file upload_3.txt (compact mmCIF, C-alpha atoms and all ligand atoms)
# COMPACT_ATOMS: atom_id res chain seq x y z
CA MET A 122 -13.83 12.91 17.25
CA LYS A 123 -11.07 13.64 19.71
CA VAL A 124 -7.71 11.90 19.28
CA ILE A 125 -4.94 12.14 21.85
CA VAL A 126 -1.43 11.49 20.58
CA VAL A 127 1.02 10.38 23.26
CA PHE A 128 4.79 10.13 22.84
CA GLY A 129 7.95 10.62 24.84
CA THR A 130 11.26 9.98 23.06
CA ARG A 131 13.17 11.19 20.01
CA PRO A 132 12.21 8.35 17.63
CA GLU A 133 8.54 8.44 18.63
CA GLY A 134 8.53 12.21 18.05
CA ILE A 135 10.03 11.83 14.57
CA LYS A 136 7.61 9.08 13.58
CA MET A 137 4.54 10.64 15.21
CA ALA A 138 5.12 14.13 13.77
CA PRO A 139 3.71 13.31 10.30
CA ILE A 140 0.58 11.89 11.98
CA VAL A 141 0.09 14.93 14.21
CA LEU A 142 0.45 17.22 11.19
CA GLU A 143 -2.01 15.10 9.19
CA LEU A 144 -4.57 14.91 12.03
CA LYS A 145 -4.44 18.69 12.37
CA ARG A 146 -5.25 19.02 8.66
CA ARG A 147 -8.56 17.17 9.11
CA PRO A 148 -11.41 19.48 10.11
CA ASP A 149 -13.49 16.80 11.85
CA ILE A 150 -10.77 15.74 14.27
CA GLU A 151 -9.77 17.47 17.46
CA THR A 152 -6.13 16.61 18.12
CA VAL A 153 -4.55 16.73 21.55
CA VAL A 154 -0.78 16.19 21.88
CA ALA A 155 0.53 14.93 25.21
CA VAL A 156 4.26 14.31 25.62
CA THR A 157 5.53 12.26 28.52
CA GLY A 158 8.93 13.93 28.44
CA GLN A 159 10.71 10.57 28.82
CA HIS A 160 13.38 12.32 26.73
CA ARG A 161 14.00 16.03 27.21
CA GLU A 162 16.54 17.74 24.92
CA MET A 163 16.33 14.90 22.40
CA LEU A 164 12.55 15.22 22.19
CA ASP A 165 12.39 19.01 22.29
CA GLN A 166 14.52 19.37 19.14
CA VAL A 167 12.04 17.16 17.26
CA LEU A 168 9.06 19.20 18.47
CA ASP A 169 10.83 22.38 17.31
CA ILE A 170 11.69 21.05 13.87
CA PHE A 171 8.11 19.97 13.18
CA HIS A 172 6.62 23.04 14.92
CA ILE A 173 4.59 20.91 17.31
CA VAL A 174 3.56 22.59 20.55
CA PRO A 175 2.26 19.95 22.98
CA ASP A 176 -1.00 20.60 24.78
CA TYR A 177 0.39 18.68 27.75
CA ASP A 178 3.94 17.96 28.88
CA MET A 179 4.16 15.44 31.72
CA ASN A 180 7.85 16.29 32.06
CA ILE A 181 8.70 12.96 33.72
CA PHE A 182 12.39 13.12 32.65
CA LYS A 183 15.01 12.38 35.28
CA SER A 184 18.64 11.60 34.42
CA GLY A 185 19.35 7.93 35.08
CA GLN A 186 15.61 7.17 35.23
CA THR A 187 14.56 3.55 35.77
CA LEU A 188 12.04 1.67 33.65
CA THR A 189 9.69 1.57 36.65
CA GLU A 190 9.89 5.35 37.11
CA ILE A 191 9.10 5.96 33.44
CA THR A 192 6.13 3.56 33.57
CA VAL A 193 4.63 4.81 36.82
CA ASN A 194 5.13 8.52 36.18
CA THR A 195 3.66 8.28 32.67
CA MET A 196 0.59 6.43 33.91
CA VAL A 197 -0.02 8.84 36.79
CA GLY A 198 0.51 11.88 34.56
CA LEU A 199 -1.72 10.58 31.82
CA GLU A 200 -4.58 9.62 34.15
CA THR A 201 -5.37 13.27 34.94
CA ILE A 202 -5.09 14.26 31.28
CA LEU A 203 -7.39 11.46 30.10
CA ASP A 204 -9.96 12.30 32.80
CA LYS A 205 -10.00 15.90 31.63
CA GLU A 206 -9.90 15.38 27.86
CA LYS A 207 -12.00 12.20 27.55
CA PRO A 208 -10.60 11.35 24.08
CA ASP A 209 -12.23 8.78 21.79
CA LEU A 210 -8.89 7.33 20.74
CA LEU A 211 -5.31 7.33 22.04
CA LEU A 212 -2.43 6.86 19.61
CA VAL A 213 1.00 5.54 20.57
CA GLN A 214 3.96 4.73 18.30
CA GLY A 215 6.61 2.05 18.58
CA ASP A 216 8.05 0.24 21.55
CA THR A 217 9.40 2.54 24.22
CA THR A 218 8.24 2.50 27.82
CA SER A 219 6.18 5.66 27.14
CA VAL A 220 4.27 3.60 24.56
CA PHE A 221 3.43 0.70 26.86
CA ALA A 222 2.54 2.99 29.78
CA GLY A 223 0.43 5.20 27.48
CA GLY A 224 -1.49 2.20 26.16
CA MET A 225 -2.03 0.87 29.66
CA ALA A 226 -3.32 4.24 30.95
CA ALA A 227 -5.83 4.35 28.07
CA PHE A 228 -6.92 0.77 28.68
CA TYR A 229 -7.63 1.51 32.35
CA LYS A 230 -10.02 4.26 31.19
CA GLN A 231 -11.47 2.02 28.48
CA ILE A 232 -10.29 4.39 25.78
CA LYS A 233 -9.58 2.85 22.38
CA VAL A 234 -5.91 2.48 21.41
CA GLY A 235 -4.26 2.77 18.01
CA HIS A 236 -0.73 1.35 17.84
CA VAL A 237 1.45 2.85 15.13
CA GLU A 238 4.37 0.62 14.04
CA ALA A 239 2.62 -2.51 15.30
CA GLY A 240 3.71 -6.10 14.78
CA LEU A 241 7.49 -5.78 14.91
CA ARG A 242 8.97 -8.83 16.63
CA SER A 243 12.53 -10.01 17.21
CA GLY A 244 11.37 -13.24 18.83
CA ASN A 245 13.57 -12.67 21.91
CA LEU A 246 11.86 -11.02 24.89
CA TYR A 247 15.21 -9.69 26.14
CA SER A 248 16.49 -8.29 22.84
CA PRO A 249 15.85 -5.50 22.24
CA TYR A 250 15.24 -4.93 25.95
CA PRO A 251 12.71 -3.82 27.05
CA GLU A 252 11.28 -2.91 23.62
CA GLU A 253 10.27 -6.43 22.53
CA ALA A 254 8.13 -6.75 25.66
CA ASN A 255 6.76 -3.21 25.26
CA ARG A 256 5.50 -3.90 21.76
CA ARG A 257 3.91 -7.22 22.68
CA LEU A 258 2.26 -5.75 25.79
CA THR A 259 0.96 -2.78 23.80
CA GLY A 260 -0.47 -5.12 21.17
CA VAL A 261 -2.74 -6.74 23.75
CA LEU A 262 -4.23 -3.33 24.63
CA THR A 263 -4.70 -2.21 21.01
CA ASN A 264 -7.89 -1.88 18.94
CA PHE A 265 -6.22 -0.75 15.69
CA HIS A 266 -2.82 -2.17 14.73
CA PHE A 267 -1.03 -0.03 12.13
CA ALA A 268 1.54 -2.47 10.75
CA PRO A 269 4.28 -0.97 8.54
CA THR A 270 4.79 -4.13 6.42
CA GLU A 271 3.19 -7.42 5.43
CA GLY A 272 5.77 -9.21 7.61
CA ASN A 273 4.59 -7.20 10.60
CA ARG A 274 0.98 -8.14 9.78
CA GLN A 275 1.95 -11.81 9.64
CA ASN A 276 3.55 -11.54 13.09
CA LEU A 277 0.28 -10.24 14.50
CA LEU A 278 -1.79 -12.91 12.75
CA ARG A 279 0.50 -15.59 14.28
CA GLU A 280 -0.43 -14.18 17.68
CA ASN A 281 -4.13 -14.53 16.78
CA TYR A 282 -4.98 -10.85 16.42
CA PRO A 283 -8.00 -10.51 14.11
CA ASP A 284 -7.19 -9.66 10.50
CA GLU A 285 -9.85 -6.89 10.49
CA ALA A 286 -7.95 -5.04 13.22
CA ILE A 287 -4.64 -4.98 11.29
CA PHE A 288 -3.87 -2.35 8.64
CA ILE A 289 -0.72 -2.23 6.51
CA THR A 290 0.27 1.41 6.24
CA GLY A 291 4.03 1.68 5.72
CA ASN A 292 6.17 3.38 8.33
CA THR A 293 5.81 7.11 9.01
CA VAL A 294 9.61 7.26 9.36
CA ILE A 295 9.69 7.52 5.56
CA ASP A 296 7.12 10.36 5.57
CA ALA A 297 9.40 12.25 7.96
CA LEU A 298 12.50 11.46 5.90
CA HIS A 299 10.88 12.91 2.77
CA LEU A 300 10.25 16.14 4.68
CA ALA A 301 13.81 16.27 6.04
CA VAL A 302 16.39 15.17 3.46
CA LYS A 303 17.50 17.62 0.77
CA ASP A 304 20.43 17.04 -1.58
CA ASP A 305 21.54 20.69 -1.22
CA TYR A 306 21.37 20.63 2.61
CA VAL A 307 24.13 22.70 4.27
CA PHE A 308 25.30 21.82 7.81
CA ASP A 309 25.90 24.50 10.37
CA ASN A 310 27.90 22.12 12.57
CA PRO A 311 31.67 22.91 12.43
CA VAL A 312 32.72 19.23 12.44
CA LEU A 313 30.27 18.17 9.74
CA ASN A 314 31.21 21.18 7.62
CA THR A 315 34.91 20.33 7.50
CA ILE A 316 34.68 16.60 6.76
CA ASP A 317 35.77 15.52 3.29
CA TYR A 318 32.82 13.40 2.13
CA SER A 319 34.83 11.87 -0.71
CA LYS A 320 36.63 9.80 1.97
CA ASP A 321 35.15 6.67 3.61
CA VAL A 322 32.90 8.55 6.01
CA VAL A 323 31.05 6.26 8.38
CA LEU A 324 28.13 7.13 10.65
CA LEU A 325 27.99 5.24 13.94
CA THR A 326 25.17 5.19 16.51
CA SER A 327 24.74 2.88 19.48
CA HIS A 328 22.50 3.18 22.51
CA ARG A 329 20.59 -0.08 23.13
CA ARG A 330 20.33 -1.14 26.76
CA GLU A 331 21.24 -4.77 26.01
CA ASN A 332 24.46 -3.57 24.33
CA ILE A 333 25.56 -1.41 27.28
CA GLY A 334 28.59 -3.11 28.88
CA VAL A 335 30.74 -5.72 27.14
CA PRO A 336 28.91 -5.74 23.75
CA MET A 337 29.23 -1.97 23.35
CA ALA A 338 32.89 -2.07 24.42
CA ASN A 339 33.50 -4.79 21.79
CA ILE A 340 31.82 -2.70 19.09
CA PHE A 341 33.80 0.43 19.91
CA ARG A 342 37.14 -1.41 20.20
CA ALA A 343 36.46 -2.97 16.81
CA VAL A 344 35.61 0.38 15.24
CA ARG A 345 38.80 1.92 16.60
CA HIS A 346 40.84 -0.99 15.28
CA VAL A 347 39.44 -0.52 11.77
CA VAL A 348 39.98 3.25 11.82
CA GLU A 349 43.61 2.64 12.80
CA ALA A 350 43.98 0.04 10.04
CA ARG A 351 42.49 2.19 7.23
CA GLU A 352 43.68 5.77 6.80
CA ASN A 353 40.82 6.84 4.54
CA VAL A 354 38.15 6.22 7.20
CA GLU A 355 36.46 8.98 9.23
CA VAL A 356 33.87 7.97 11.82
CA ILE A 357 31.17 10.34 13.02
CA PHE A 358 29.39 9.26 16.21
CA PRO A 359 26.67 11.55 17.60
CA VAL A 360 26.71 10.12 21.10
CA HIS A 361 23.36 9.43 22.79
CA LEU A 362 22.84 11.38 26.05
CA ASN A 363 22.66 8.23 28.17
CA PRO A 364 25.61 8.66 30.58
CA LYS A 365 26.39 4.92 30.43
CA VAL A 366 26.78 5.09 26.64
CA ARG A 367 28.86 8.26 26.90
CA ALA A 368 31.27 6.67 29.37
CA ILE A 369 31.96 3.67 27.11
CA ALA A 370 32.31 5.88 24.01
CA GLN A 371 34.75 8.12 25.85
CA LYS A 372 36.78 5.15 27.07
CA TYR A 373 37.24 3.45 23.71
CA LEU A 374 36.76 6.08 21.01
CA SER A 375 38.12 9.39 22.32
CA ASP A 376 41.36 11.08 21.27
CA HIS A 377 41.56 9.88 17.71
CA PRO A 378 41.74 12.53 14.95
CA ARG A 379 39.51 10.53 12.61
CA ILE A 380 36.85 9.55 15.18
CA HIS A 381 34.46 12.42 15.82
CA LEU A 382 32.46 12.04 19.01
CA ILE A 383 29.82 14.76 18.76
CA GLU A 384 26.62 15.67 20.61
CA PRO A 385 23.35 14.11 19.41
CA LEU A 386 22.37 15.86 16.21
CA ASP A 387 19.02 17.45 15.52
CA TYR A 388 16.96 15.37 13.14
CA LEU A 389 17.57 17.57 10.05
CA PRO A 390 21.39 17.48 10.21
CA PHE A 391 21.32 13.82 11.26
CA SER A 392 19.18 12.58 8.40
CA ASN A 393 21.07 14.73 5.90
CA LEU A 394 24.36 13.39 7.24
CA MET A 395 23.07 9.87 6.67
CA ASN A 396 22.40 10.91 3.08
CA LYS A 397 26.07 11.91 2.62
CA VAL A 398 28.06 9.13 4.33
CA ARG A 399 29.33 5.92 2.72
CA LEU A 400 28.25 3.45 5.37
CA VAL A 401 26.19 3.24 8.57
CA LEU A 402 26.92 1.16 11.69
CA THR A 403 24.04 1.16 14.16
CA ASP A 404 21.95 -0.62 16.77
CA SER A 405 19.10 1.89 16.31
CA GLY A 406 15.68 0.83 15.12
CA GLY A 407 14.82 3.97 13.15
CA VAL A 408 18.22 4.25 11.50
CA GLN A 409 17.81 0.67 10.18
CA GLU A 410 14.74 1.93 8.32
CA GLU A 411 16.12 5.26 7.11
CA ALA A 412 19.52 4.18 5.77
CA PRO A 413 18.12 1.60 3.28
CA ALA A 414 15.69 4.23 1.98
CA LEU A 415 18.72 6.46 1.29
CA GLY A 416 20.69 3.63 -0.36
CA LYS A 417 23.26 3.40 2.45
CA PRO A 418 24.54 -0.03 3.51
CA VAL A 419 23.91 -0.73 7.20
CA LEU A 420 25.81 -3.02 9.53
CA VAL A 421 23.36 -3.81 12.34
CA LEU A 422 25.17 -4.06 15.69
CA ARG A 423 22.69 -6.43 17.31
CA GLU A 424 22.14 -10.15 17.78
CA GLU A 425 18.52 -10.00 16.59
CA THR A 426 16.47 -7.54 14.62
CA GLU A 427 12.73 -7.02 14.24
CA ARG A 428 13.44 -5.17 11.00
CA MET A 429 14.12 -8.08 8.65
CA GLU A 430 12.99 -6.23 5.53
CA GLY A 431 16.33 -4.39 5.13
CA ILE A 432 18.22 -7.65 5.68
CA GLU A 433 16.09 -9.47 3.10
CA ALA A 434 16.65 -6.65 0.60
CA ASN A 435 20.42 -7.00 1.28
CA THR A 436 20.92 -3.35 2.23
CA ALA A 437 21.36 -4.24 5.91
CA ARG A 438 23.48 -7.00 7.44
CA LEU A 439 22.93 -8.34 10.96
CA ILE A 440 26.46 -8.71 12.33
CA GLY A 441 26.06 -8.94 16.13
CA THR A 442 28.40 -7.41 18.66
CA ASP A 443 31.39 -9.75 18.62
CA TYR A 444 34.72 -7.89 18.15
CA ASP A 445 35.95 -10.10 15.28
CA ALA A 446 32.60 -10.00 13.47
CA VAL A 447 32.46 -6.19 13.59
CA VAL A 448 36.06 -5.88 12.35
CA ALA A 449 35.56 -8.42 9.55
CA ASN A 450 32.28 -6.98 8.24
CA PHE A 451 33.43 -3.38 8.51
CA LEU A 452 36.70 -4.14 6.65
CA GLU A 453 34.87 -6.11 3.98
CA LEU A 454 32.63 -3.19 3.09
CA LEU A 455 35.62 -0.83 2.98
CA ASP A 456 37.90 -3.09 0.94
CA ASN A 457 35.59 -5.06 -1.32
CA ALA A 458 33.87 -2.81 -3.85
CA ASP A 459 31.60 -5.61 -5.08
CA ALA A 460 30.35 -6.39 -1.57
CA TYR A 461 29.73 -2.68 -0.99
CA GLN A 462 27.92 -2.17 -4.30
CA ALA A 463 25.72 -5.20 -3.71
CA MET A 464 24.36 -3.47 -0.61
CA ALA A 465 24.33 0.16 -1.82
CA HIS A 466 20.92 0.44 -3.42
CA ALA A 467 17.86 2.30 -2.22
CA VAL A 468 14.88 0.22 -1.17
CA ASN A 469 11.73 1.28 0.57
CA PRO A 470 10.20 -1.78 2.20
CA TYR A 471 9.23 0.50 5.09
CA GLY A 472 6.83 2.72 3.19
CA ASP A 473 6.14 5.12 0.36
CA GLY A 474 6.03 8.33 2.39
CA HIS A 475 2.23 8.38 2.72
CA ALA A 476 1.79 6.30 5.87
CA ALA A 477 0.39 9.17 7.98
CA GLU A 478 -2.36 9.91 5.44
CA LYS A 479 -3.33 6.23 5.33
CA ILE A 480 -3.40 5.94 9.11
CA VAL A 481 -5.62 8.99 9.54
CA ASP A 482 -8.00 7.80 6.79
CA ILE A 483 -8.30 4.43 8.53
CA ILE A 484 -8.92 6.08 11.90
CA ILE A 485 -11.78 8.15 10.46
CA GLU A 486 -13.34 5.14 8.73
CA GLN A 487 -12.95 2.73 11.65
CA MET A 488 -14.11 5.11 14.35
CA ALA A 489 -17.22 5.93 12.27
CA ASP A 490 -17.85 2.22 11.80
CA GLY A 491 -17.58 1.72 15.56
CA SER A 492 -17.37 -2.07 15.55
CA ARG A 493 -13.88 -2.33 17.04
C1 LIG B 501 14.74 5.15 25.05
C2 LIG B 501 13.86 3.94 24.76
C3 LIG B 501 14.41 3.17 23.57
C4 LIG B 501 14.66 4.07 22.38
C5 LIG B 501 15.51 5.25 22.79
C6 LIG B 501 15.65 6.22 21.65
C7 LIG B 501 12.80 2.84 26.68
C8 LIG B 501 12.98 1.88 27.80
N1 LIG B 501 13.88 3.03 25.89
O1 LIG B 501 16.03 4.64 25.44
O2 LIG B 501 13.47 2.17 23.20
O3 LIG B 501 15.34 3.33 21.40
O4 LIG B 501 14.86 5.92 23.88
O5 LIG B 501 16.71 7.09 21.84
O6 LIG B 501 11.75 3.39 26.52
N2 LIG B 501 18.95 11.35 28.43
C9 LIG B 501 19.14 12.71 28.56
N3 LIG B 501 18.37 13.55 27.79
C10 LIG B 501 17.46 13.10 26.89
C11 LIG B 501 17.29 11.72 26.76
C12 LIG B 501 18.03 10.85 27.54
O7 LIG B 501 19.95 13.16 29.34
O8 LIG B 501 16.83 13.94 26.19
C13 LIG B 501 19.76 10.41 29.28
C14 LIG B 501 19.26 10.36 30.72
O9 LIG B 501 20.34 10.21 31.58
C15 LIG B 501 18.40 9.12 30.74
C16 LIG B 501 19.18 8.22 29.79
O10 LIG B 501 19.65 9.10 28.77
O11 LIG B 501 18.27 8.56 32.02
C17 LIG B 501 18.37 7.11 29.19
O12 LIG B 501 17.14 7.61 28.67
P1 LIG B 501 15.84 6.63 28.60
O13 LIG B 501 14.71 7.34 27.95
O14 LIG B 501 15.59 6.05 29.95
O15 LIG B 501 16.35 5.47 27.70
P2 LIG B 501 17.04 5.49 26.27
O16 LIG B 501 18.27 4.68 26.38
O17 LIG B 501 17.12 6.88 25.75
N1 LIG B 502 18.51 10.65 15.19
C1 LIG B 502 18.70 12.02 15.35
N2 LIG B 502 19.89 12.46 15.87
C2 LIG B 502 20.88 11.62 16.25
C3 LIG B 502 20.66 10.22 16.12
C4 LIG B 502 19.47 9.77 15.59
O1 LIG B 502 17.83 12.82 15.01
O2 LIG B 502 21.95 12.10 16.71
C5 LIG B 502 17.22 10.18 14.65
C6 LIG B 502 17.28 9.19 13.51
O3 LIG B 502 17.21 9.86 12.26
C7 LIG B 502 16.08 8.31 13.74
C8 LIG B 502 15.86 8.38 15.23
O4 LIG B 502 16.57 9.48 15.71
O5 LIG B 502 14.91 8.83 13.12
C9 LIG B 502 16.35 7.11 15.87
O6 LIG B 502 16.40 7.30 17.24
P1 LIG B 502 17.18 6.32 18.19
O7 LIG B 502 18.27 5.64 17.46
O8 LIG B 502 17.53 7.12 19.39
O9 LIG B 502 16.03 5.31 18.65
P2 LIG B 502 15.45 3.94 18.05
O10 LIG B 502 15.00 4.19 16.65
O11 LIG B 502 16.55 2.93 18.17
O12 LIG B 502 14.33 3.63 18.97
call {"tool": "encode", "arguments": {"input": "upload_3.txt", "output": "structure tokens"}}
result
Amino acid sequence: MKVIVVFGTRPEGIKMAPIVLELKRRPDIETVVAVTGQHREMLDQVLDIFHIVPDYDMNIFKSGQTLTEITVNTMVGLETILDKEKPDLLLVQGDTTSVFAGGMAAFYKQIKVGHVEAGLRSGNLYSPYPEEANRRLTGVLTNFHFAPTEGNRQNLLRENYPDEAIFITGNTVIDALHLAVKDDYVFDNPVLNTIDYSKDVVLLTSHRRENIGVPMANIFRAVRHVVEARENVEVIFPVHLNPKVRAIAQKYLSDHPRIHLIEPLDYLPFSNLMNKVRLVLTDSGGVQEEAPALGKPVLVLREETERMEGIEANTARLIGTDYDAVVANFLELLDNADAYQAMAHAVNPYGDGHAAEKIVDIIIEQMADGSR
């Protein structure tokens, strides 16, 4: 059996890596890795860390790329590869535009599709944008839905996908985290090396398209206000390479000795930093899954989330992007030890670290069965 694994961005790389490594361990599977290159530097560091050398690199990256360019260039690039390789199955992961375009390219060639991290839904087509649409569109093209949780399975059943096509596997983000996080990890980054981690060190990330503009400005103004109000706080913000995000971060968060705007971190220092900080503020999808697994309270800087499991386990709190709400929630977790402790416990609703193994076992079984 030949399986082609297609991905394009940092989070897909991190979550697909355990599957690529597992597929390559199985003697009866020929694995082909094709990266779209939707991300460049941010993807390449993931490939390096997991020692994955792609068989194909579509290299579609262009700074300031539009959603249409990503979609079209991925589909055109993949068409040639699929014609040449003729795989039995194409795997995509998550909800980026590489995922939707990859699924669509496979569908046009009548190649079966496996969707890893299937069934996440926020319920609002425009939030996260365009990810909620990407995941729904990919679902329609999918033969095998690998749902991380029971809640994700229920979402798919509500949309009338057949039960037999849905498999609860956990999320491979936890498999990757187990490979990456070590309690004795030593940073080689000068900023991270000099921080005093006994202080209130806070990790911030923000990059969502629907937050770019006023919501992101509100978030950053609120963070600055809290840092100015509490002397024990240090904020570390590895700023996404999107120039629009960088401009807003620069405008509201630069030139403060306790706000550290740094370049995006490689996955190993990033995940180990998460393991050391007191609190996480984020609009990221993956970080919402990783921080609870590490016992770190998360304030989710979004109006909706498709990752309700962390909220239900009370390790994550959905606070939106309003200035006052960010200030109030951030201050509460700094000042109220009971509120902090109530959220600071490790949970793993997103998986047990063996999702990749399960997914590959299911692929082998289902492809041999041949009924889907
Ligand atoms: C993309 C995904 C989003 C995911 C995020 C993870 C889509 C529509 N969005 O958003 O779902 O959460 O990745 O980070 O698929 N850039 C670089 N170098 C890089 C990567 C990005 O310079 O390695 C800059 C470029 O100017 C690029 C911009 O960031 O135009 C935005 O990148 P893009 O992939 O279009 O969207 P993201 O916001 O990264
Ligand atoms: N991450 C990283 N370096 C950073 C920020 C995040 O390696 O500077 C990792 C993080 O551990 C997580 C993933 O990137 O696994 C999340 O990516 P991102 O927030 O860009 O995308 P999303 O998950 O929101 O799609």
call {"tool": "residues_near_ligand", "arguments": {"input": "upload_3.txt", "ligand": "ligand LIG 502 (chain B)", "cutoff": "10 Å", "atoms": "only C-alpha atoms and all ligand atoms", "output": "PDB file with C-alpha atoms, in the coordinates of the input"}}
result
ATOM      1  CA  THR A 130      11.260   9.980  23.060  1.00  0.00           C
ATOM      2  CA  ARG A 131      13.170  11.190  20.010  1.00  0.00           C
ATOM      3  CA  PRO A 132      12.210   8.350  17.630  1.00  0.00           C
ATOM      4  CA  GLU A 133       8.540   8.440  18.630  1.00  0.00           C
ATOM      5  CA  GLY A 134       8.530  12.210  18.050  1.00  0.00           C
ATOM      6  CA  ILE A 135      10.030  11.830  14.570  1.00  0.00           C
ATOM      7  CA  LYS A 136       7.610   9.080  13.580  1.00  0.00           C
ATOM      8  CA  HIS A 160      13.380  12.320  26.730  1.00  0.00           C
ATOM      9  CA  MET A 163      16.330  14.900  22.400  1.00  0.00           C
ATOM     10  CA  LEU A 164      12.550  15.220  22.190  1.00  0.00           C
ATOM     11  CA  GLN A 166      14.520  19.370  19.140  1.00  0.00           C
ATOM     12  CA  VAL A 167      12.040  17.160  17.260  1.00  0.00           C
ATOM     13  CA  GLY A 215       6.610   2.050  18.580  1.00  0.00           C
ATOM     14  CA  ASP A 216       8.050   0.240  21.550  1.00  0.00           C
ATOM     15  CA  THR A 217       9.400   2.540  24.220  1.00  0.00           C
ATOM     16  CA  PRO A 249      15.850  -5.500  22.240  1.00  0.00           C
ATOM     17  CA  GLU A 252      11.280  -2.910  23.620  1.00  0.00           C
ATOM     18  CA  VAL A 294       9.610   7.260   9.360  1.00  0.00           C
ATOM     19  CA  ILE A 295       9.690   7.520   5.560  1.00  0.00           C
ATOM     20  CA  ALA A 297       9.400  12.250   7.960  1.00  0.00           C
ATOM     21  CA  LEU A 298      12.500  11.460   5.900  1.00  0.00           C
ATOM     22  CA  ALA A 301      13.810  16.270   6.040  1.00  0.00           C
ATOM     23  CA  LEU A 324      28.130   7.130  10.650  1.00  0.00           C
ATOM     24  CA  LEU A 325      27.990   5.240  13.940  1.00  0.00           C
ATOM     25  CA  THR A 326      25.170   5.190  16.510  1.00  0.00           C
ATOM     26  CA  SER A 327      24.740   2.880  19.480  1.00  0.00           C
ATOM     27  CA  HIS A 328      22.500   3.180  22.510  1.00  0.00           C
ATOM     28  CA  ARG A 329      20.590  -0.080  23.130  1.00  0.00           C
ATOM     29  CA  PHE A 358      29.390   9.260  16.210  1.00  0.00           C
ATOM     30  CA  PRO A 359      26.670  11.550  17.600  1.00  0.00           C
ATOM     31  CA  VAL A 360      26.710  10.120  21.100  1.00  0.00           C
ATOM     32  CA  HIS A 361      23.360   9.430  22.790  1.00  0.00           C
ATOM     33  CA  LEU A 362      22.840  11.380  26.050  1.00  0.00           C
ATOM     34  CA  ILE A 383      29.820  14.760  18.760  1.00  0.00           C
ATOM     35  CA  GLU A 384      26.620  15.670  20.610  1.00  0.00           C
ATOM     36  CA  PRO A 385      23.350  14.110  19.410  1.00  0.00           C
ATOM     37  CA  LEU A 386      22.370  15.860  16.210  1.00  0.00           C
ATOM     38  CA  ASP A 387      19.020  17.450  15.520  1.00  0.00           C
ATOM     39  CA  TYR A 388      16.960  15.370  13.140  1.00  0.00           C
ATOM     40  CA  LEU A 389      17.570  17.570  10.050  1.00  0.00           C
ATOM     41  CA  PRO A 390      21.390  17.480  10.210  1.00  0.00           C
ATOM     42  CA  PHE A 391      21.320  13.820  11.260  1.00  0.00           C
ATOM     43  CA  SER A 392      19.180  12.580   8.400  1.00  0.00           C
ATOM     44  CA  ASN A 393      21.070  14.730   5.900  1.00  0.00           C
ATOM     45  CA  LEU A 394      24.360  13.390   7.240  1.00  0.00           C
ATOM     46  CA  MET A 395      23.070   9.870   6.670  1.00  0.00           C
ATOM     47  CA  THR A 403      24.040   1.160  14.160  1.00  0.00           C
ATOM     48  CA  ASP A 404      21.950  -0.620  16.770  1.00  0.00           C
ATOM     49  CA  SER A 405      19.100   1.890  16.310  1.00  0.00           C
ATOM     50  CA  GLY A 406      15.680   0.830  15.120  1.00  0.00           C
ATOM     51  CA  GLY A 407      14.820   3.970  13.150  1.00  0.00           C
ATOM     52  CA  VAL A 408      18.220   4.250  11.500  1.00  0.00           C
ATOM     53  CA  GLN A 409      17.810   0.670  10.180  1.00  0.00           C
ATOM     54  CA  GLU A 410      14.740   1.930   8.320  1.00  0.00           C
ATOM     55  CA  GLU A 411      16.120   5.260   7.110  1.00  0.00           C
ATOM     56  CA  ALA A 412      19.520   4.180   5.770  1.00  0.00           C
TER      57      ALA A 412
END
call {"tool": "atom_distance", "arguments": {"input": "upload_3.txt", "atom1": "atom CA of Asn255 of chain A", "atom2": "atom CA of Val220 of chain A"}}
result
7.3 Å
call {"tool": "closest_residue", "arguments": {"input": "upload_3.txt", "among": "A:Asn194, A:Ser248, A:Asn264, A:Asn332", "to": "Met488 of chain A", "atoms": "only C-alpha atoms"}}
result
A:Asn264
call {"tool": "closest_residue", "arguments": {"input": "upload_3.txt", "among": "A:Gln275, A:Thr293, A:Asn281, A:Asn363", "to": "ligand LIG 501 (chain B)", "atoms": "only C-alpha atoms and all ligand atoms"}}
result
A:Asn363
call {"tool": "residues_around", "arguments": {"input": "upload_3.txt", "residues": "Glu355 of chain A", "least_positions_apart": "6", "cutoff": "7 Å", "atoms": "all atoms listed in the file", "output": "list in words"}}
result
Asp321, Val322, Val323, Arg379 and Ile380 of chain A
call {"tool": "atom_distance", "arguments": {"input": "upload_3.txt", "atom1": "atom CA of Thr218 of chain A", "atom2": "atom CA of Met429 of chain A"}}
result
22.7 Å
call {"tool": "atom_distance", "arguments": {"input": "upload_3.txt", "atom1": "atom C17 of ligand LIG 501 (chain B)", "atom2": "atom CA of Ile369 of chain A"}}
result
14.2 Å
call {"tool": "residues_near_point", "arguments": {"input": "upload_3.txt", "point": "(-3.4, 4.0, 37.5)", "cutoff": "12 Å", "atoms": "all atoms listed in the file", "output": "list in words"}}
result
Thr192, Val193, Asn194, Thr195, Met196, Val197, Gly198, Leu199, Glu200, Thr201, Leu203, Asp204, Ala222, Gly223, Gly224, Met225, Ala226, Ala227, Phe228, Tyr229 and Lys230 of chain A
call {"tool": "residues_around", "arguments": {"input": "upload_3.txt", "residues": "Val312 of chain A", "least_positions_apart": "6", "cutoff": "10 Å", "atoms": "only C-alpha atoms", "output": "PyMOL selection string"}}
result
chain A and resi 357+381-383
call {"tool": "closest_residue", "arguments": {"input": "upload_3.txt", "among": "A:Arg274, A:His236, A:His172, A:Arg423", "to": "Ala138 of chain A", "atoms": "only C-alpha atoms"}}
result
A:His172
call {"tool": "closest_residue", "arguments": {"input": "upload_3.txt", "among": "A:Leu188, A:Val234, A:Val398, A:Ala465", "to": "ligand LIG 501 (chain B)", "atoms": "all atoms listed in the file"}}
result
A:Leu188
